[in-house]
$ cat protein38.txt   # compact mmCIF, C-alpha atoms
# COMPACT_ATOMS: atom_id res chain seq x y z
CA MET A 1 0.00 0.00 0.00
CA ARG A 2 2.81 2.41 0.70
CA LEU A 3 4.41 1.72 -2.70
CA ALA A 4 1.13 2.39 -4.47
CA SER A 5 0.74 5.67 -2.62
CA LEU A 6 4.20 6.84 -3.74
CA THR A 7 3.39 5.91 -7.35
CA GLU A 8 0.18 7.92 -7.30
CA ARG A 9 2.00 11.06 -6.08
CA ALA A 10 4.81 10.91 -8.72
CA GLY A 11 3.09 13.38 -11.20
CA PHE A 12 2.28 17.14 -11.06
CA THR A 13 -0.99 18.46 -9.85
CA LEU A 14 -3.25 20.53 -12.12
CA ALA A 15 -2.43 23.69 -10.18
CA GLU A 16 1.31 23.11 -10.63
CA LEU A 17 0.84 22.62 -14.39
CA LEU A 18 -1.16 25.84 -14.67
CA VAL A 19 1.47 27.79 -12.76
CA SER A 20 4.25 26.36 -14.95
CA MET A 21 2.39 27.18 -18.16
CA THR A 22 1.73 30.74 -16.96
CA VAL A 23 5.39 31.30 -16.11
CA LEU A 24 6.44 29.85 -19.48
CA ALA A 25 4.00 32.12 -21.31
CA LEU A 26 5.32 35.15 -19.45
CA VAL A 27 8.91 34.22 -20.31
CA ILE A 28 8.01 33.78 -24.00
CA LEU A 29 6.15 37.10 -24.02
CA PHE A 30 9.12 38.83 -22.39
CA VAL A 31 11.55 37.36 -24.92
CA MET A 32 9.27 38.36 -27.82
CA GLN A 33 9.07 41.92 -26.52
CA MET A 34 12.85 42.05 -26.25
CA MET A 35 13.23 40.78 -29.80
CA GLU A 36 10.63 43.24 -31.08
CA GLY A 37 12.43 46.08 -29.33
CA ALA A 38 15.75 44.95 -30.77
CA CYS A 39 14.20 44.82 -34.24
CA ARG A 40 12.84 48.36 -33.85
CA VAL A 41 16.23 49.63 -32.74
CA ALA A 42 17.94 47.85 -35.65
CA THR A 43 15.41 49.25 -38.13
CA ALA A 44 15.78 52.78 -36.75
CA SER A 45 19.56 52.47 -36.86
CA ARG A 46 19.42 51.28 -40.46
CA LYS A 47 17.18 54.21 -41.40
CA HIS A 48 19.58 56.61 -39.70
CA LEU A 49 22.46 55.05 -41.61
CA ASP A 50 20.59 55.34 -44.91
CA ALA A 51 19.88 59.03 -44.31
CA ASP A 52 23.45 59.61 -43.11
CA ALA A 53 24.77 57.99 -46.29
CA GLN A 54 22.61 60.30 -48.43
CA ALA A 55 23.82 63.38 -46.56
CA ARG A 56 27.44 62.26 -46.72
CA LEU A 57 27.19 61.77 -50.50
CA ILE A 58 25.71 65.25 -50.98
CA PHE A 59 28.26 67.01 -48.80
CA ASP A 60 31.20 65.07 -50.23
CA THR A 61 30.16 66.09 -53.75
CA LEU A 62 29.74 69.73 -52.76
CA ALA A 63 33.11 69.56 -50.99
CA THR A 64 34.64 68.62 -54.34
CA ASP A 65 32.87 71.30 -56.39
CA PHE A 66 33.04 74.35 -54.09
CA PRO A 67 36.82 74.54 -53.51
CA ARG A 68 37.34 74.48 -57.30
CA LEU A 69 34.77 77.18 -58.00
CA VAL A 70 36.13 79.79 -60.42
CA ARG A 71 36.24 82.95 -58.31
CA ARG A 72 36.86 85.80 -60.71
CA GLY A 73 35.00 89.06 -61.14
CA ASP A 74 34.28 88.38 -64.81
CA VAL A 75 32.93 84.86 -64.22
CA ASP A 76 29.30 84.47 -63.28
CA PHE A 77 27.89 82.74 -60.22
CA TYR A 78 24.17 81.94 -60.37
CA GLY A 79 22.78 81.59 -56.89
CA LYS A 80 20.44 83.01 -54.35
CA ASP A 81 20.64 86.80 -54.34
CA SER A 82 18.01 88.72 -52.40
CA SER A 83 19.51 92.01 -53.61
CA VAL A 84 18.06 91.39 -57.09
CA GLY A 85 14.92 89.58 -55.97
CA ARG A 86 16.26 86.07 -56.60
CA THR A 87 15.04 84.69 -53.28
CA MET A 88 14.27 81.15 -54.53
CA ALA A 89 11.17 80.27 -52.53
CA GLY A 90 11.24 76.60 -51.60
CA ASN A 91 14.11 74.50 -52.85
CA ASP A 92 17.17 76.48 -53.92
CA GLN A 93 19.11 76.31 -57.16
CA LEU A 94 22.78 76.84 -57.73
CA ALA A 95 25.06 77.06 -60.77
CA PHE A 96 28.70 78.05 -61.17
CA TYR A 97 31.86 77.29 -63.13
CA SER A 98 34.24 74.88 -61.44
CA VAL A 99 37.48 73.14 -62.35
CA VAL A 100 36.05 69.63 -62.08
CA THR A 101 35.49 66.78 -64.51
CA GLY A 102 32.62 67.46 -66.89
CA TYR A 103 30.55 65.02 -68.90
CA TYR A 104 30.02 65.27 -72.63
CA SER A 105 26.79 64.07 -74.19
CA SER A 106 27.38 64.04 -77.93
CA PRO A 107 24.72 65.63 -80.12
CA SER A 108 24.12 62.83 -82.61
CA PRO A 109 25.89 62.16 -84.90
CA THR A 110 28.67 64.48 -83.71
CA ALA A 111 31.62 62.81 -82.02
CA THR A 112 32.66 63.59 -78.46
CA PRO A 113 35.29 66.36 -78.39
CA THR A 114 38.87 65.18 -78.18
CA LEU A 115 40.99 65.82 -75.11
CA PRO A 116 42.78 68.89 -76.61
CA GLN A 117 39.36 70.41 -77.35
CA ARG A 118 38.06 70.02 -73.80
CA ASN A 119 38.14 72.90 -71.35
CA PRO A 120 39.12 71.99 -67.75
CA ILE A 121 36.29 74.24 -66.52
CA SER A 122 32.80 72.73 -66.31
CA LEU A 123 29.38 74.18 -65.66
CA VAL A 124 28.14 72.74 -62.34
CA ALA A 125 24.55 73.06 -61.12
CA TYR A 126 22.37 71.72 -58.31
CA ALA A 127 18.59 71.59 -57.98
CA VAL A 128 15.79 69.48 -56.54
CA SER A 129 13.68 67.86 -59.23
CA ASN A 130 11.18 65.02 -59.52
CA ASP A 131 11.84 61.50 -60.70
CA PRO A 132 9.38 59.87 -63.16
CA SER A 133 7.22 58.85 -60.18
CA GLY A 134 6.94 62.43 -58.96
CA ARG A 135 9.22 61.96 -55.95
CA PRO A 136 11.79 64.68 -55.14
CA GLN A 137 15.50 64.08 -55.53
CA LEU A 138 18.64 66.19 -55.62
CA VAL A 139 20.15 66.39 -59.10
CA ARG A 140 23.55 67.64 -60.21
CA LEU A 141 24.90 68.77 -63.55
CA SER A 142 28.55 68.81 -64.56
CA LYS A 143 28.47 69.95 -68.15
CA GLY A 144 31.74 69.58 -70.01
CA LEU A 145 32.76 72.67 -71.97
CA VAL A 146 35.19 73.10 -74.86
CA TRP A 147 37.72 75.82 -75.62
CA GLN A 148 35.76 77.03 -78.63
CA ALA A 149 32.13 76.34 -79.42
CA ALA A 150 32.02 73.75 -82.20
CA ASN A 151 30.16 70.62 -83.25
CA GLY A 152 27.21 71.38 -81.00
CA PHE A 153 29.23 71.84 -77.78
CA GLN A 154 29.25 75.11 -75.86
CA ASP A 155 32.34 76.87 -74.63
CA LEU A 156 32.72 79.05 -71.56
CA GLY A 157 31.74 82.07 -73.66
CA TYR A 158 33.15 85.55 -73.87
CA LEU A 159 33.27 86.97 -70.36
CA PRO A 160 31.49 88.47 -68.56
CA LEU A 161 28.48 86.42 -69.62
CA GLN A 162 25.79 85.40 -67.16
CA ILE A 163 24.91 81.73 -66.77
CA VAL A 164 21.21 82.55 -66.71
CA ASN A 165 21.55 84.13 -70.18
CA ARG A 166 23.86 81.53 -71.69
CA TRP A 167 21.74 78.61 -70.42
CA PRO A 168 18.26 80.17 -69.98
CA ASN A 169 16.52 76.79 -69.64
CA LEU A 170 19.04 75.28 -67.25
CA PHE A 171 16.52 74.84 -64.43
CA SER A 172 13.40 74.42 -66.53
CA PRO A 173 11.32 71.32 -65.78
CA SER A 174 10.82 68.93 -68.63
CA SER A 175 7.47 68.87 -70.39
CA GLY A 176 8.24 65.63 -72.17
CA SER A 177 6.37 62.39 -71.61
CA PRO A 178 7.87 60.54 -69.92
CA PRO A 179 10.32 63.07 -68.45
CA PRO A 180 14.06 62.42 -68.17
CA THR A 181 15.27 60.69 -65.02
CA SER A 182 15.92 64.02 -63.36
CA GLY A 183 12.75 65.69 -64.59
CA MET A 184 14.79 68.62 -65.98
CA ALA A 185 14.79 69.90 -69.55
CA ASP A 186 18.59 69.67 -69.63
CA THR A 187 19.24 65.94 -69.79
CA ASP A 188 22.78 66.38 -68.44
CA PHE A 189 21.36 66.54 -64.91
CA GLU A 190 21.88 63.33 -62.99
CA PRO A 191 20.34 62.27 -59.64
CA ILE A 192 22.83 62.07 -56.78
CA ALA A 193 20.46 61.66 -53.80
CA ASP A 194 16.95 60.30 -54.21
CA SER A 195 15.55 61.13 -50.78
CA VAL A 196 16.08 64.90 -50.54
CA LEU A 197 12.99 66.94 -49.61
CA ARG A 198 14.58 70.36 -49.16
CA PHE A 199 17.85 71.92 -50.33
CA GLU A 200 18.59 75.33 -48.84
CA TYR A 201 21.71 77.45 -48.50
CA HIS A 202 22.85 80.86 -47.32
CA TYR A 203 26.11 82.77 -47.28
CA LEU A 204 28.32 83.55 -44.32
CA LEU A 205 30.04 86.87 -44.99
CA ARG A 206 33.51 87.73 -43.82
CA SER A 207 33.89 90.03 -40.84
CA VAL A 208 33.95 93.74 -41.57
CA PRO A 209 37.60 94.92 -41.16
CA THR A 210 36.73 97.46 -38.44
CA ALA A 211 34.64 95.07 -36.37
CA ALA A 212 33.98 91.39 -35.78
CA PRO A 213 30.20 90.97 -35.89
CA PRO A 214 28.66 87.83 -34.42
CA ARG A 215 27.79 84.96 -36.68
CA ALA A 216 24.11 85.91 -36.89
CA ALA A 217 25.05 89.33 -38.28
CA ARG A 218 27.19 87.73 -40.97
CA ILE A 219 24.47 85.44 -42.36
CA SER A 220 23.20 86.75 -45.69
CA THR A 221 20.97 85.74 -48.60
CA ALA A 222 23.03 87.90 -50.96
CA PRO A 223 26.50 86.66 -52.01
CA PHE A 224 28.28 89.92 -51.21
CA ASP A 225 28.55 92.47 -48.43
CA ASP A 226 26.51 95.52 -49.43
CA GLN A 227 28.16 97.52 -46.64
CA ILE A 228 31.48 97.46 -48.49
CA THR A 229 31.78 100.25 -51.07
CA GLY A 230 31.88 99.02 -54.65
CA HIS A 231 30.68 95.49 -53.98
CA SER A 232 27.46 94.65 -55.81
CA SER A 233 27.97 91.06 -56.99
CA ALA A 234 29.33 87.75 -55.76
CA ASP A 235 32.87 88.22 -54.51
CA PHE A 236 34.33 85.09 -52.93
CA HIS A 237 37.72 86.70 -52.35
CA THR A 238 36.67 89.52 -50.06
CA ASP A 239 32.99 89.09 -49.19
CA VAL A 240 31.89 85.47 -48.84
CA ALA A 241 33.60 83.40 -46.16
CA SER A 242 31.54 80.24 -46.71
CA ILE A 243 28.31 78.74 -48.01
CA VAL A 244 26.14 76.91 -45.48
CA VAL A 245 23.99 74.13 -46.97
CA THR A 246 21.01 72.60 -45.16
CA VAL A 247 19.13 69.54 -46.41
CA ALA A 248 16.08 67.63 -45.19
CA ILE A 249 16.17 63.94 -46.10
CA LEU A 250 13.44 61.32 -46.00
CA ASP A 251 14.60 57.76 -45.42
CA PRO A 252 14.15 55.63 -48.58
CA MET A 253 11.82 53.28 -46.71
CA GLY A 254 9.60 56.23 -45.83
CA ARG A 255 9.19 57.17 -49.49
CA ALA A 256 7.11 54.06 -50.06
CA VAL A 257 4.23 55.40 -47.94
CA VAL A 258 4.22 59.05 -49.09
CA SER A 259 1.87 60.18 -51.85
CA ASP A 260 1.96 63.98 -51.40
CA TYR A 261 5.26 65.86 -51.20
CA SER A 262 3.86 69.33 -51.84
CA HIS A 263 4.12 70.52 -48.22
CA VAL A 264 7.65 69.31 -47.46
CA THR A 265 9.23 70.40 -50.76
CA SER A 266 7.88 73.96 -50.46
CA ASN A 267 8.56 76.46 -47.68
CA GLN A 268 5.28 75.68 -45.89
CA VAL A 269 7.01 73.40 -43.37
CA PHE A 270 10.74 74.00 -43.81
CA ALA A 271 11.15 77.76 -44.00
CA ASP A 272 13.43 79.56 -46.44
CA SER A 273 16.63 81.11 -45.17
CA ASN A 274 15.83 84.30 -43.29
CA GLY A 275 19.14 85.44 -41.87
CA SER A 276 19.47 82.56 -39.41
CA ASP A 277 21.08 79.13 -39.41
CA MET A 278 18.32 76.92 -40.74
CA ALA A 279 19.19 73.56 -39.15
CA PRO A 280 17.92 74.44 -35.63
CA ILE A 281 14.72 75.89 -37.10
CA TRP A 282 14.06 72.85 -39.28
CA MET A 283 14.89 70.49 -36.40
CA GLY A 284 12.30 72.29 -34.32
CA GLN A 285 9.72 71.50 -36.98
CA VAL A 286 10.74 67.84 -37.21
CA ASN A 287 10.62 67.39 -33.44
CA ALA A 288 7.22 69.09 -33.06
CA LEU A 289 4.35 66.83 -32.00
CA ASN A 290 2.24 67.98 -34.95
CA PHE A 291 4.99 67.60 -37.56
CA ALA A 292 3.26 64.72 -39.38
CA SER A 293 0.04 66.68 -39.82
CA ASN A 294 1.85 69.92 -40.73
CA ALA A 295 3.93 68.09 -43.34
CA ASN A 296 0.97 66.02 -44.56
CA LEU A 297 3.04 62.87 -44.09
CA PRO A 298 2.12 59.49 -42.60
CA GLN A 299 3.53 59.17 -39.09
CA THR A 300 5.86 56.36 -40.22
CA ALA A 301 7.42 58.67 -42.81
CA ALA A 302 7.46 61.77 -40.61
CA SER A 303 9.42 59.88 -37.95
CA VAL A 304 12.34 59.22 -40.33
CA VAL A 305 12.87 62.75 -41.70
CA ARG A 306 16.37 63.96 -40.87
CA VAL A 307 17.99 67.40 -41.10
CA TYR A 308 21.68 67.95 -41.90
CA GLU A 309 23.79 71.08 -42.27
CA HIS A 310 27.36 71.65 -43.40
CA GLU A 311 29.48 74.75 -43.88
CA PHE A 312 31.82 74.98 -46.87
CA PRO A 313 34.49 77.65 -46.31
CA PHE A 314 36.26 79.60 -49.04
CA THR A 315 39.93 80.44 -48.70
CA SER A 316 41.37 83.72 -49.90
CA ALA A 317 42.98 81.99 -52.86
CA GLY A 318 41.13 80.26 -55.65
CA PRO A 319 41.17 79.32 -59.36

$ encode --input "protein38.txt" --output "structure tokens"
Amino acid sequence: MRLASLTERAGFTLAELLVSMTVLALVILFVMQMMEGACRVATASRKHLDADAQARLIFDTLATDFPRLVRRGDVDFYGKDSSVGRTMAGNDQLAFYSVVTGYYSSPSPTATPTLPQRNPISLVAYAVSNDPSGRPQLVRLSKGLVWQAANGFQDLGYLPLQIVNRWPNLFSPSSGSPPPTSGMADTDFEPIADSVLRFEYHYLLRSVPTAAPPRAARISTAPFDDQITGHSSADFHTDVASIVVTVAILDPMGRAVVSDYSHVTSNQVFADSNGSDMAPIWMGQVNALNFASNANLPQTAASVVRVYEHEFPFTSAGP
């Protein structure tokens, strides 16, 4: 009888089984929550890395073009200039001559110019355009020039000659169907960053010789110091110390859920330069609780918008 009693008590009671199953379920739930949290962190980190890579590509390219900008009084610089009403509401545009490699697209059936015919100076331009799906992207042009205009290729031209007059349709959107990859009439534009919502820049003027004004007083939307006698156009030797570029980037994964970019590509959400560094102002918009509704973006896309800013200084010497 004693042996039988021991055999009957060898198993678990129903209460013990229920307790064990509850503990096991709690452990599984805890592990799943940890894994879900780890996945969210990994996804967020990947999105940050994607946006960082886009910003790094943009700034690295600008860091190549700006130091080689041709800074002469008889060479034109097409950029933001509030002194002549060129305020560029929304995304900014920029064009200048730079000693960088240019690309030659041969007008058929003309052959590409030979090396002796090529000018080391190229026409460089930046703008935000739409891809064939209507999504914004930053595009860049590096148009190869020749020493003398021939065979359909344009030279630098007799100076001074303004870029806006020599290439009047440089920033015109294409009306073709379907449009070029960049959405620009000039097919030499190429996309360099496909997640850029806003591209904005301003100038940081050099200190006035008799005083050292604070940084805020040196920020300008005109590329020259109108307080210096005789200066009425871009002068990167004596007036402009640097160009400060600010970009707002949407993570590529966020693009898949956005159907309307009209708010975030205009100045409705991300304001135009107004004499202040734009990055803190734009970051304030991104971090606002109502940013998604203000930007007319799904919350999943609004949460992965990033703002970057970089200053590109000019030295006293240049090409």

$ atom_distance --input "protein38.txt" --atom1 "CA of Phe312 in chain A" --atom2 "CA of Ala295 in chain A"
28.9 Å

$ closest_residue --input "protein38.txt" --among "A:Pro113, A:Pro223, A:Gly254, A:Pro136" --to "Ala150 in chain A" --atoms "all atoms listed in the file"
A:Pro113

$ atom_distance --input "protein38.txt" --atom1 "CA of Ala301 in chain A" --atom2 "CA of Gln137 in chain A"
16.0 Å

$ atom_distance --input "protein38.txt" --atom1 "CA of Gly275 in chain A" --atom2 "CA of Ser220 in chain A"
5.7 Å

$ axis_aligned_box --input "protein38.txt" --around "range 248-252 of chain A" --padding-each-side "4 Å" --output "AutoDock Vina command-line options"
--center_x 14.8 --center_y 61.6 --center_z -46.9 --size_x 10.7 --size_y 20.0 --size_z 11.4

$ closest_residue --input "protein38.txt" --among "A:Ile192, A:Leu250, A:Ala288, A:Leu123" --to "Gln154 in chain A" --atoms "only C-alpha atoms"
A:Leu123

$ closest_residue --input "protein38.txt" --among "A:Leu289, A:Leu205, A:Ala95, A:Val269" --to "Asp239 in chain A" --atoms "only C-alpha atoms"
A:Leu205
